[in-house]
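Pasted below: data_24.cif, mmCIF, C-alpha atoms.
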data_start
loop_
_atom_site.label_atom_id
_atom_site.label_comp_id
_atom_site.auth_asym_id
_atom_site.auth_seq_id
_atom_site.Cartn_x
_atom_site.Cartn_y
_atom_site.Cartn_z
CA MET V 164 -84.43 100.83 -96.58
CA SER V 165 -81.69 100.79 -99.12
CA SER V 166 -79.57 98.44 -97.00
CA PHE V 167 -82.55 96.09 -96.69
CA TYR V 168 -82.97 96.11 -100.44
CA ARG V 169 -79.30 95.36 -101.02
CA ARG V 170 -79.31 92.50 -98.53
CA LYS V 171 -82.33 90.81 -100.08
CA TYR V 172 -81.41 91.36 -103.72
CA ARG V 173 -77.68 91.38 -103.88
CA SER V 174 -77.50 91.03 -107.62
CA ILE V 175 -79.69 90.94 -110.65
CA GLU V 176 -77.79 87.84 -111.80
CA ILE V 177 -80.31 85.55 -110.08
CA THR V 178 -82.92 86.40 -112.67
CA VAL V 179 -81.00 85.22 -115.74
CA GLY V 180 -79.35 82.02 -116.96
CA PRO V 181 -80.51 78.41 -117.00
CA ALA V 182 -82.21 76.82 -114.00
CA TYR V 183 -79.74 75.49 -111.39
CA TRP V 184 -80.94 71.99 -110.59
CA PRO V 185 -81.21 70.62 -114.15
CA VAL V 186 -77.74 72.00 -114.88
CA LEU V 187 -76.40 70.39 -111.70
CA GLY V 188 -77.89 67.05 -112.78
CA LEU V 189 -76.36 67.40 -116.23
CA THR V 190 -72.99 68.35 -114.78
CA THR V 191 -73.07 65.31 -112.48
CA LEU V 192 -73.78 63.14 -115.51
CA LEU V 193 -70.89 64.78 -117.36
CA ALA V 194 -68.60 64.16 -114.40
CA PHE V 195 -69.49 60.45 -114.53
CA LEU V 196 -68.82 60.40 -118.27
CA GLN V 197 -65.58 62.22 -117.59
CA THR V 198 -64.34 59.42 -115.34
CA VAL V 199 -65.70 56.38 -117.16
CA VAL V 200 -65.79 57.11 -120.88
CA VAL V 201 -63.82 60.23 -121.78
CA PRO V 202 -60.37 58.97 -120.62
CA LEU V 203 -60.73 56.10 -123.08
CA LEU V 204 -60.82 58.68 -125.88
CA ALA V 205 -57.60 60.40 -124.82
CA PHE V 206 -55.73 62.19 -127.58
CA ARG V 207 -52.02 62.71 -126.96
CA GLY V 208 -52.60 61.99 -123.30
CA ALA V 209 -55.22 64.75 -123.03
CA VAL V 210 -58.99 64.64 -122.70
CA PRO V 211 -61.53 67.44 -123.08
CA SER V 212 -62.91 68.62 -119.76
CA LEU V 213 -66.69 68.35 -120.01
CA VAL V 214 -67.10 69.55 -116.44
CA THR V 215 -65.16 72.73 -117.20
CA ILE V 216 -67.38 73.36 -120.22
CA ALA V 217 -70.53 72.98 -118.13
CA VAL V 218 -69.24 75.19 -115.33
CA VAL V 219 -67.85 77.93 -117.59
CA LEU V 220 -70.94 78.13 -119.81
CA TYR V 221 -73.22 78.23 -116.77
CA ALA V 222 -71.13 80.78 -114.90
CA SER V 223 -70.88 83.00 -117.98
CA ARG V 224 -74.67 83.16 -118.16
CA ALA V 225 -75.79 82.82 -114.55
CA GLY V 226 -73.10 84.88 -112.87
CA ALA V 227 -70.25 84.31 -110.45
CA ARG V 228 -72.24 83.27 -107.40
CA ARG V 229 -74.45 80.69 -109.07
CA GLY V 230 -71.52 79.52 -111.17
CA ALA V 231 -69.54 78.87 -108.02
CA LEU V 232 -72.52 77.02 -106.54
CA LEU V 233 -72.37 74.65 -109.52
CA ALA V 234 -68.57 74.47 -109.58
CA LEU V 235 -68.30 73.40 -105.95
CA PRO V 236 -70.13 70.05 -106.25
CA ALA V 237 -68.72 69.49 -109.74
CA GLY V 238 -65.14 69.94 -108.55
CA LEU V 239 -65.86 67.84 -105.47
CA LEU V 240 -67.06 64.98 -107.68
CA GLU V 241 -63.90 65.20 -109.74
CA ASP V 242 -61.78 65.10 -106.60
CA VAL V 243 -63.66 62.02 -105.43
CA PHE V 244 -63.16 60.29 -108.78
CA ALA V 245 -59.53 61.31 -109.09
CA GLY V 246 -58.62 60.62 -105.48
CA THR V 247 -57.15 64.10 -105.04
CA GLY V 248 -57.47 66.19 -101.94
CA GLY V 249 -59.60 69.14 -102.91
CA GLY V 250 -57.54 70.50 -105.78
CA TRP V 251 -60.30 70.29 -108.34
CA THR V 252 -62.94 71.61 -105.92
CA VAL V 253 -61.02 74.78 -105.17
CA SER V 254 -59.70 75.40 -108.69
CA THR V 255 -63.09 74.79 -110.34
CA THR V 256 -64.85 77.11 -107.91
CA ILE V 257 -62.31 79.88 -108.43
CA VAL V 258 -62.55 79.48 -112.20
CA ALA V 259 -66.35 79.79 -111.99
CA LEU V 260 -66.02 82.97 -109.93
CA LEU V 261 -63.52 84.43 -112.40
CA VAL V 262 -65.66 83.53 -115.41
CA GLY V 263 -68.76 84.95 -113.70
CA LEU V 264 -66.99 88.24 -113.03
CA PHE V 265 -65.45 88.34 -116.49
CA SER V 266 -68.76 87.59 -118.22
CA ARG V 267 -70.19 90.89 -116.96
CA ARG V 268 -67.86 92.56 -119.42
CA MET V 269 -68.77 90.54 -122.47
CA PHE V 270 -71.67 89.00 -124.38
CA ALA V 271 -71.77 85.26 -123.77
CA ASP V 272 -73.84 84.77 -126.93
CA GLY V 273 -72.36 83.08 -129.98
CA ALA V 274 -70.00 80.16 -129.97
CA PHE V 275 -66.48 81.45 -130.47
CA VAL V 276 -65.92 83.61 -127.37
CA PRO V 277 -67.44 81.14 -124.86
CA ALA V 278 -65.45 78.30 -126.48
CA VAL V 279 -62.21 80.25 -126.13
CA LEU V 280 -63.22 81.05 -122.56
CA CYS V 281 -63.61 77.31 -121.89
CA GLY V 282 -60.15 76.62 -123.27
CA ALA V 283 -58.59 79.42 -121.23
CA ALA V 284 -60.45 78.20 -118.14
CA VAL V 285 -58.84 74.77 -118.51
CA LEU V 286 -55.37 76.35 -118.44
CA VAL V 287 -56.16 78.51 -115.41
CA ARG V 288 -57.81 75.58 -113.66
CA ASP V 289 -54.85 73.27 -114.28
CA LEU V 290 -52.40 75.89 -113.07
CA MET V 291 -54.40 76.39 -109.88
CA PHE V 292 -54.85 72.64 -109.42
CA TRP V 293 -51.12 71.96 -109.55
CA SER V 294 -50.42 74.94 -107.28
CA ILE V 295 -52.83 73.49 -104.73
CA MET V 296 -51.27 70.04 -105.11
CA ARG V 297 -47.88 71.67 -104.49
CA ILE V 298 -49.23 73.20 -101.28
CA GLU V 299 -50.53 69.75 -100.35
CA GLY V 300 -47.05 68.33 -100.63
CA PHE V 301 -46.57 67.28 -104.23
CA PRO V 302 -43.08 67.82 -105.65
CA PRO V 303 -42.61 71.15 -107.49
CA GLY V 304 -42.69 71.49 -111.26
CA PHE V 305 -45.81 69.46 -112.01
CA ALA V 306 -47.62 72.40 -113.62
CA VAL V 307 -44.74 72.83 -116.07
CA ALA V 308 -44.46 69.08 -116.60
CA HIS V 309 -48.15 68.95 -117.49
CA LEU V 310 -48.14 72.12 -119.60
CA HIS V 311 -48.05 70.21 -122.87
CA ALA V 312 -51.00 68.03 -121.87
CA SER V 313 -52.81 71.10 -120.51
CA LEU V 314 -52.47 72.92 -123.83
CA TRP V 315 -53.93 69.93 -125.66
CA ARG V 316 -56.70 69.70 -123.07
CA ALA V 317 -57.49 73.38 -123.54
CA LEU V 318 -57.65 72.97 -127.30
CA LEU V 319 -59.82 69.85 -127.14
CA THR V 320 -62.11 71.47 -124.57
CA ALA V 321 -62.50 74.60 -126.70
CA LEU V 322 -63.31 72.47 -129.76
CA VAL V 323 -65.90 70.40 -127.91
CA ALA V 324 -67.45 73.55 -126.42
CA PHE V 325 -67.56 75.20 -129.84
CA ALA V 326 -69.20 72.12 -131.42
CA TRP V 327 -71.73 71.95 -128.57
CA LEU V 328 -72.60 75.64 -128.81
CA ILE V 329 -73.05 75.45 -132.58
CA LEU V 330 -75.26 72.37 -132.22
CA ARG V 331 -77.21 73.94 -129.37
CA GLY V 332 -77.66 77.14 -131.38
CA ARG V 333 -79.28 75.14 -134.16
CA LEU V 334 -81.52 73.06 -131.92
CA VAL V 335 -82.54 75.34 -129.08
CA THR V 336 -84.00 78.82 -129.08
CA ASP V 337 -83.53 80.49 -125.72
CA LYS V 338 -86.48 82.34 -124.28
CA THR V 339 -85.96 85.91 -123.29
CA THR V 340 -86.39 86.75 -119.63
CA ILE V 341 -89.72 88.40 -120.44
CA GLU V 342 -90.93 85.32 -122.30
CA ARG V 343 -89.79 83.01 -119.52
CA TYR V 344 -91.54 84.88 -116.73
CA GLY V 345 -94.57 85.83 -118.77
CA TYR V 346 -94.30 89.62 -118.43
CA THR V 347 -96.36 90.39 -121.47
CA MET D 131 -110.46 31.76 -201.22
CA ALA D 132 -110.45 29.42 -198.31
CA ALA D 133 -110.03 26.48 -200.60
CA LEU D 134 -107.09 28.18 -202.29
CA VAL D 135 -105.39 28.87 -198.97
CA ALA D 136 -106.05 25.34 -197.86
CA LEU D 137 -104.59 23.91 -201.05
CA LEU D 138 -101.46 26.08 -200.76
CA GLN D 139 -100.95 25.02 -197.16
CA LEU D 140 -101.40 21.41 -198.12
CA ASP D 141 -98.94 21.77 -200.97
CA PHE D 142 -96.25 23.28 -198.61
CA ALA D 143 -96.94 20.61 -196.03
CA ARG D 144 -96.47 17.83 -198.55
CA ALA D 145 -93.27 19.40 -199.75
CA GLY D 146 -92.08 19.47 -196.11
CA ARG D 147 -91.63 23.27 -196.00
CA THR D 148 -93.18 26.00 -193.89
CA SER D 149 -95.53 28.16 -195.81
CA PRO D 150 -95.02 31.97 -195.67
CA LEU D 151 -98.43 32.30 -194.12
CA THR D 152 -97.55 29.85 -191.36
CA ALA D 153 -94.22 31.58 -190.71
CA THR D 154 -95.87 35.00 -190.49
CA VAL D 155 -98.64 33.88 -188.20
CA THR D 156 -96.21 31.96 -185.99
CA ALA D 157 -93.89 34.95 -185.60
CA VAL D 158 -96.70 37.33 -184.73
CA SER D 159 -98.34 34.90 -182.38
CA ALA D 160 -95.05 34.27 -180.59
CA TYR D 161 -94.85 37.94 -179.59
CA LEU D 162 -98.45 37.91 -178.52
CA GLN D 163 -97.88 34.75 -176.48
CA LEU D 164 -94.88 36.31 -174.79
CA ALA D 165 -96.85 39.42 -173.88
CA ALA D 166 -99.84 37.46 -172.71
CA SER D 167 -97.78 35.04 -170.65
CA ALA D 168 -95.97 37.94 -169.01
CA VAL D 169 -99.25 39.51 -168.00
CA VAL D 170 -100.68 36.21 -166.81
CA ASN D 171 -97.58 35.31 -164.87
CA GLY D 172 -97.53 38.77 -163.32
CA VAL D 173 -101.12 38.57 -162.29
CA ARG D 174 -100.64 35.04 -161.00
CA GLY D 175 -97.56 36.15 -159.02
CA GLY D 176 -99.39 39.13 -157.63
CA PHE D 177 -102.30 37.00 -156.63
CA ALA D 178 -99.99 34.51 -154.99
CA ALA D 179 -98.27 37.36 -153.17
CA VAL D 180 -101.61 38.73 -151.99
CA VAL D 181 -102.60 35.28 -150.82
CA ARG D 182 -99.23 34.81 -149.05
CA THR D 183 -98.95 38.33 -147.61
CA PRO D 184 -99.94 37.48 -144.03
CA GLY D 185 -97.53 34.58 -144.10
CA LEU D 186 -94.79 36.77 -145.58
CA ALA D 187 -95.22 39.36 -142.89
CA SER D 188 -94.85 36.80 -140.15
CA GLU D 189 -91.95 35.15 -142.00
CA ASN D 190 -90.32 38.56 -142.36
CA GLY D 191 -90.75 39.19 -138.66
CA ARG D 192 -89.26 35.81 -137.84
CA LEU D 193 -86.30 36.43 -140.16
CA ARG D 194 -85.77 39.87 -138.62
CA GLY D 195 -85.77 38.26 -135.21
CA ASP D 196 -83.29 35.63 -136.36
CA ASN D 197 -81.15 38.36 -137.91
CA GLY D 198 -81.18 40.39 -134.69
CA ALA D 199 -80.30 37.32 -132.63
CA LEU D 200 -77.46 36.43 -134.98
CA ARG D 201 -76.16 40.01 -134.90
CA ALA D 202 -76.22 40.00 -131.10
CA GLN D 203 -74.47 36.63 -131.09
CA ASN D 204 -71.92 37.98 -133.55
CA ASP D 205 -71.27 41.04 -131.37
CA GLU D 206 -70.88 38.86 -128.30
CA LEU D 207 -68.44 36.56 -130.07
CA ARG D 208 -66.45 39.55 -131.34
CA GLU D 209 -66.29 40.92 -127.79
CA ARG D 210 -65.15 37.51 -126.49
CA LEU D 211 -62.53 37.39 -129.22
CA ALA D 212 -61.33 40.87 -128.28
CA ARG D 213 -61.15 39.89 -124.61
CA ILE D 214 -59.07 36.78 -125.17
CA PRO D 215 -55.66 38.50 -124.74
CA ALA D 216 -56.83 40.28 -121.57
CA ALA D 217 -58.39 37.11 -120.20
CA ARG D 218 -55.23 35.19 -120.99
CA GLY D 219 -53.16 37.86 -119.25
CA LEU D 220 -55.43 37.81 -116.22
CA ALA D 221 -55.27 34.02 -116.08
CA ALA D 222 -51.46 34.20 -116.20
CA ALA D 223 -51.47 36.77 -113.37
CA GLN D 224 -53.80 34.61 -111.29
CA LEU D 225 -51.58 31.59 -111.90
CA ALA D 226 -48.51 33.52 -110.79
CA HIS D 227 -50.27 34.99 -107.77
CA PRO D 228 -52.86 32.46 -106.53
CA ASP D 229 -53.67 34.58 -103.47
CA GLY D 230 -54.36 37.65 -105.61
CA ILE D 231 -57.71 39.40 -105.72
CA THR D 232 -59.01 39.88 -109.25
CA ALA D 233 -60.55 43.27 -109.99
CA THR D 234 -61.93 45.22 -112.91
CA VAL D 235 -60.99 48.80 -113.76
CA ILE D 236 -64.16 50.85 -113.37
CA GLY D 237 -62.93 54.43 -113.58
CA TYR D 238 -60.13 56.72 -114.58
CA ASP D 239 -58.85 60.12 -113.48
CA PRO D 240 -61.49 62.44 -114.96
CA GLU D 241 -58.99 65.05 -116.09
CA ALA D 242 -56.22 62.58 -116.98
CA SER D 243 -53.84 64.72 -114.94
CA MET D 244 -52.72 61.88 -112.72
CA ARG D 245 -52.19 58.23 -113.57
CA ILE D 246 -54.81 56.83 -111.22
CA VAL D 247 -57.51 54.27 -111.93
CA THR D 248 -60.39 53.02 -109.80
CA ILE D 249 -60.88 49.25 -109.42
CA SER D 250 -63.94 47.30 -108.39
CA ARG D 251 -62.55 45.84 -105.14
CA GLY D 252 -62.26 47.54 -101.78
CA ALA D 253 -61.75 46.94 -98.09
CA LYS D 254 -64.68 44.53 -98.07
CA ASP D 255 -62.73 42.25 -100.41
CA GLY D 256 -59.54 42.45 -98.38
CA VAL D 257 -57.77 45.17 -100.36
CA ARG D 258 -55.48 47.37 -98.29
CA ARG D 259 -53.46 50.48 -98.87
CA ASP D 260 -50.07 49.83 -100.50
CA ASP D 261 -51.09 46.46 -101.94
CA GLY D 262 -49.38 45.82 -105.26
CA VAL D 263 -51.44 45.59 -108.44
CA VAL D 264 -50.36 43.57 -111.48
CA THR D 265 -51.66 42.47 -114.85
CA GLY D 266 -50.65 39.33 -116.68
CA ALA D 267 -47.84 41.28 -118.33
CA GLY D 268 -46.35 42.90 -115.24
CA VAL D 269 -46.64 45.60 -112.60
CA ALA D 270 -49.54 48.04 -112.93
CA GLY D 271 -49.17 50.07 -109.72
CA ARG D 272 -50.11 50.08 -106.07
CA ILE D 273 -53.19 50.86 -104.00
CA VAL D 274 -53.22 54.41 -102.63
CA GLU D 275 -56.80 54.74 -101.42
CA VAL D 276 -59.24 52.10 -100.22
CA GLY D 277 -63.00 52.49 -100.04
CA PRO D 278 -65.47 49.86 -98.88
CA LEU D 279 -66.31 48.74 -102.43
CA SER D 280 -63.59 50.24 -104.60
CA SER D 281 -59.97 51.31 -104.47
CA LYS D 282 -57.68 53.68 -106.30
CA VAL D 283 -54.52 52.44 -107.96
CA LEU D 284 -51.57 54.76 -108.52
CA LEU D 285 -50.11 53.51 -111.79
CA VAL D 286 -46.40 52.90 -112.05
CA THR D 287 -46.19 55.66 -114.69
CA ASP D 288 -47.49 58.39 -112.37
CA PRO D 289 -44.73 60.89 -111.51
CA THR D 290 -45.41 60.39 -107.81
CA SER D 291 -44.96 56.62 -108.05
CA LYS D 292 -41.65 55.22 -106.78
CA LEU D 293 -40.80 51.52 -106.60
CA PRO D 294 -37.62 49.67 -105.74
CA ALA D 295 -36.39 48.00 -108.92
CA ILE D 296 -33.66 45.67 -110.11
CA VAL D 297 -32.16 45.33 -113.56
CA GLN D 298 -32.46 41.56 -113.87
CA HIS D 299 -29.29 41.09 -115.89
CA GLY D 300 -26.56 42.14 -113.47
CA ARG D 301 -28.82 42.61 -110.42
CA TRP D 302 -28.32 46.38 -110.30
CA TRP D 303 -30.54 48.18 -107.86
CA ALA D 304 -32.49 51.30 -108.84
CA ILE D 305 -35.62 53.33 -108.12
CA ALA D 306 -38.39 53.21 -110.74
CA VAL D 307 -40.11 56.60 -110.98
CA GLY D 308 -43.05 57.40 -113.28
CA THR D 309 -42.77 59.97 -116.05
CA SER D 310 -46.48 60.11 -117.01
CA THR D 311 -45.95 57.89 -120.07
CA ARG D 312 -43.09 55.60 -119.08
CA VAL D 313 -40.89 54.76 -116.10
CA LYS D 314 -37.51 56.25 -115.38
CA LEU D 315 -34.91 54.09 -113.68
CA GLN D 316 -32.96 56.37 -111.36
CA TYR D 317 -29.86 55.95 -109.22
CA VAL D 318 -28.48 53.00 -111.16
CA SER D 319 -24.83 52.50 -110.29
CA GLN D 320 -22.42 54.02 -112.75
CA ASP D 321 -20.70 50.64 -112.94
CA ALA D 322 -23.87 48.99 -114.24
CA LYS D 323 -23.64 47.82 -117.83
CA LEU D 324 -27.15 48.52 -119.02
CA HIS D 325 -28.46 47.36 -122.38
CA VAL D 326 -31.58 48.29 -124.27
CA GLY D 327 -34.07 45.45 -123.81
CA ASP D 328 -32.84 44.46 -120.34
CA ARG D 329 -35.68 43.30 -118.09
CA VAL D 330 -36.41 45.42 -115.04
CA VAL D 331 -38.19 43.73 -112.12
CA THR D 332 -39.37 44.84 -108.70
CA GLY D 333 -37.06 44.74 -105.75
CA GLU D 334 -38.26 43.43 -102.39
CA GLY D 335 -40.47 46.18 -101.00
CA ARG D 336 -43.66 47.00 -99.19
CA SER D 337 -45.99 46.43 -102.13
CA PHE D 338 -44.26 43.74 -104.18
CA HIS D 339 -42.08 40.72 -103.70
CA ALA D 340 -38.87 40.75 -105.71
CA GLY D 341 -38.99 39.64 -109.32
CA VAL D 342 -42.29 40.98 -110.69
CA LEU D 343 -41.66 42.37 -114.16
CA ILE D 344 -41.92 46.17 -114.48
CA GLY D 345 -40.75 46.44 -118.08
CA ARG D 346 -37.76 46.57 -120.38
CA ILE D 347 -35.13 49.25 -120.84
CA LYS D 348 -35.99 51.32 -123.88
CA GLN D 349 -33.35 53.99 -123.73
CA ILE D 350 -30.22 54.64 -121.69
CA GLU D 351 -29.61 58.29 -120.93
CA PRO D 352 -26.05 59.53 -121.42
CA VAL D 353 -24.08 59.87 -118.21
CA SER D 354 -23.06 63.43 -117.48
CA ALA D 355 -19.52 64.16 -116.35
CA GLY D 356 -19.04 63.66 -112.64
CA ALA D 357 -22.35 61.87 -112.19
CA LEU D 358 -22.34 59.08 -109.64
CA ASP D 359 -25.27 57.24 -111.14
CA GLN D 360 -27.05 56.75 -114.43
CA THR D 361 -30.66 56.68 -115.55
CA ALA D 362 -32.61 54.73 -118.12
CA ILE D 363 -36.10 54.87 -119.56
CA VAL D 364 -38.20 51.73 -119.15
CA GLN D 365 -41.20 50.78 -121.25
CA PRO D 366 -43.75 49.25 -118.86
CA ALA D 367 -44.60 45.64 -119.68
CA ALA D 368 -48.28 46.15 -118.85
CA ASP D 369 -50.33 48.19 -121.32
CA LEU D 370 -51.47 50.82 -118.85
CA SER D 371 -53.48 52.75 -121.43
CA ALA D 372 -55.86 49.83 -121.91
CA LEU D 373 -56.20 48.31 -118.45
CA SER D 374 -59.34 46.28 -117.95
CA ASP D 375 -58.63 43.48 -115.47
CA VAL D 376 -55.96 43.44 -112.77
CA VAL D 377 -54.91 41.33 -109.80
CA VAL D 378 -54.36 42.91 -106.39
CA LEU D 379 -51.58 41.28 -104.40
CA PRO D 380 -52.38 41.25 -100.69
CA GLN D 381 -49.57 42.74 -98.66
CA LYS D 382 -47.03 40.50 -97.07
CA ILE D 383 -47.36 40.32 -93.31
#

Take the structure from the file and write it as structure tokens.
Amino acid sequence: MSSFYRRKYRSIEITVGPAYWPVLGLTTLLAFLQTVVVPLLAFRGAVPSLVTIAVVLYASRAGARRGALLALPAGLLEDVFAGTGGGWTVSTTIVALLVGLFSRRMFADGAFVPAVLCGAAVLVRDLMFWSIMRIEGFPPGFAVAHLHASLWRALLTALVAFAWLILRGRLVTDKTTIERYGYT
Amino acid sequence: MAALVALLQLDFARAGRTSPLTATVTAVSAYLQLAASAVVNGVRGGFAAVVRTPGLASENGRLRGDNGALRAQNDELRERLARIPAARGLAAAQLAHPDGITATVIGYDPEASMRIVTISRGAKDGVRRDDGVVTGAGVAGRIVEVGPLSSKVLLVTDPTSKLPAIVQHGRWWAIAVGTSTRVKLQYVSQDAKLHVGDRVVTGEGRSFHAGVLIGRIKQIEPVSAGALDQTAIVQPAADLSALSDVVVLPQKI
């Protein structure tokens, strides 16, 4: 009986966090913006990663598994737009898994901690991306060569995430799980 | 009393002077006239406004429409003005390469980690892998991926981009490698007498014919002891940070 229970309800994470499909739609939109508009606003050769923000914020609230389910198509879209061979797909998915696991040990509420998490995720993601590109045959040393740009990207991403979370905090009041499912 | 007043007035009139009574009454009445005329004019203006209100509303709407149209026209003209250099560059590129396929840049690398852009022409338009891509100013890059309707261009500044190059003055051969922001000219003979400002053009290769401008030497790196070659930094002639229109050069057969 207990094994049946565990198989059907592997985690309580499925009952919290935003709904998947609207977030996937929003992330797709952000990925389009990321390829068409955001590069035009580059600062010191770096652009904030809107896709990373979406994936990290979702994974920190919805858990590792659902975060990875969002990260997979998001990273795939970025690979399609960038013309790279799976580097973003794999690195984004791993970042979502890491953030999902890490978020069990912290409160994702507020703006500062999730924003810092977004910035850190950009660094980890870039490092993994260039490692994968190295495995795919790129010359070595690209991660180091792009470190400066990665640091700027992390900073810009953290700032955008912070601004978004502050704005969202003022405009949106999240329902509690009890309110959402009507257990009154 | 009336007769007295009348006689006094007559007396002043005959003397050609203004009587004090006349002066007083005139002064007071002037203020009253001013006040009255202000009220009357105000009322008359208000009435006229009330009468003309429906007309004013429609006139206002028409003027707003005209204003909107003029603003839109102004925006369009500003955009055309802003596009003139790009259009001129594209026209120059088309003139230099009549067989070229014109394309518009429609996308960039989402994470700006690689110097790759997406253009609006693909296999359907005759674009093939390794085709060269130029702007009016010079080399932009080469095609690395072709889809049915779009293609990806690896810019000459990407660290994975390598092109055969020639320093025009002196005809020294080299390899032009991207450095993310500029191009590094590698393996230039140690005998080459490089100068800042020298033009660097493509050598005969798979993607380009010889002689297409890559850029100008911006900096010559000091030669280390025992080195067999020298390197120089080249500023690309094409503004790769603001690419909008490019010409794809079909590969030589």

Item to check | Radius query 7 Å about (-58.5, 39.2, -115.0), atoms used: all atoms listed in the file, as a VMD selection string | outcome: chain D and resid 216 to 217 219 to 221 232 to 233 375 to 377

Next on the checklist: Please expand the PyMOL selection byres ((chain V) within 9 of (chain D)) into the concrete residues it hits in this file, giving the result as JSON, numbers by chain.
Outcome noted: {"V": [194, 195, 196, 197, 198, 199, 200, 201, 202, 203, 205, 208, 209, 210, 211, 212, 241, 242, 244, 245, 246, 289, 301, 302, 305, 309, 312, 313, 316]}

Item to check | Point-to-point distance in Å for CA of Ala270 (chain D) and CA of Leu373 (chain D) | outcome: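 So the two atoms, CA of Leu373 (chain D) and CA of Ala270 (chain D), lie 8.7 Å apart.
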
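The interatomic distance for the pair CA of Ala217 (chain V) and CA of Arg333 (chain V) works out to 18.4 Å.
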
Item to check | the PyMOL selection byres ((chain V and resi 321) around 8) resolved against shown file, as a ChimeraX atom specification | outcome: /V:278-282,317-320,322-325

Checklist outcome for this item: re CA of Ala165 (chain D) and CA of Thr148 (chain D): distance 24.4 Å

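Take the PyMOL selection byres ((chain V and resi 221) around 10) and apply it to this file: it picks Gly180, Pro181, Ala182, Tyr183, Val186, Leu187, Thr215, Ile216, Ala217, Val218, Val219, Leu220, Ala222, Ser223, Arg224, Ala225, Gly226, Ala227, Arg229, Gly230, Ala231, Leu233, Ala234, Ala259, Val262 and Gly263 of chain V.
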
Item to check | Residue neighbourhood His227 (chain D), 10 Å, all atoms listed in the file, exclusion window fewer than 2 positions, as a list in words | outcome: Ala221, Ala222, Ala223, Gln224, Leu225, Asp229, Gly230, Ile231, Val264, Gly266, Val377, Val378, Leu379 and Pro380 of chain D

Item to check | Exercise: Ile363 (chain D) partners within 9 Å, all atoms listed in the file, chain neighbours under 6 positions left out, as a ChimeraX atom specification | outcome: /D:312-316,346-351

Next on the checklist: Need to verify the contact set: Leu324 (chain D), 12 Å, all atoms listed in the file, exclusion of same-chain residues closer than 2 positions in sequence. Can you return it as a ChimeraX atom specification?
Outcome noted: /D:296-304,315,318-322,326-330,346-353,359-364

Contact residues around Thr191 (chain V) with all atoms listed in the file at 9 Å, ignoring same-chain residues under 6 positions, as a PDB file with C-alpha atoms, keeping the file's coordinate frame:
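result30.pdb, written as the output of this step:
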ATOM      1  CA  VAL V 214     -67.100  69.550-116.440  1.00  0.00           C
ATOM      2  CA  PRO V 236     -70.130  70.050-106.250  1.00  0.00           C
ATOM      3  CA  ALA V 237     -68.720  69.490-109.740  1.00  0.00           C
ATOM      4  CA  LEU V 240     -67.060  64.980-107.680  1.00  0.00           C
TER       5      LEU V 240
END

Which neighbours of Met291 (chain V) fall inside 10 Å, counting all atoms listed in the file, when residues of the same chain fewer than 6 positions from it are skipped, and could you give them as a JSON list (two decimals) with C-alpha atoms, in the coordinates of the input?
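Wrote it out as part_34.json, contents follow:
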[["chain", "number", "residue", "atom", "x", "y", "z"],
["V", 250, "GLY", "CA", -57.54, 70.50, -105.78],
["V", 251, "TRP", "CA", -60.30, 70.29, -108.34],
["V", 253, "VAL", "CA", -61.02, 74.78, -105.17],
["V", 254, "SER", "CA", -59.70, 75.40, -108.69],
["V", 255, "THR", "CA", -63.09, 74.79, -110.34],
["V", 257, "ILE", "CA", -62.31, 79.88, -108.43],
["V", 258, "VAL", "CA", -62.55, 79.48, -112.20],
["V", 285, "VAL", "CA", -58.84, 74.77, -118.51],
["V", 297, "ARG", "CA", -47.88, 71.67, -104.49],
["V", 306, "ALA", "CA", -47.62, 72.40, -113.62]]

Checklist entry - Taking (-41.7, 53.1, -112.0) in the file's coordinates as the center, which residues reach within 7 Å of it, counting only C-alpha atoms, put as JSON, numbers by chain? => result {"D": [286, 287, 291, 292, 293, 306, 307, 308, 313, 314]}

Taking every listed atom of region 326-336 of chain D and adding 6 Å to each side, what centre and edge lengths in Å (one decimal) does the axis-aligned box have, as AutoDock Vina command-line options?
--center_x -37.6 --center_y 45.8 --center_z -111.7 --size_x 24.1 --size_y 17.0 --size_z 37.1
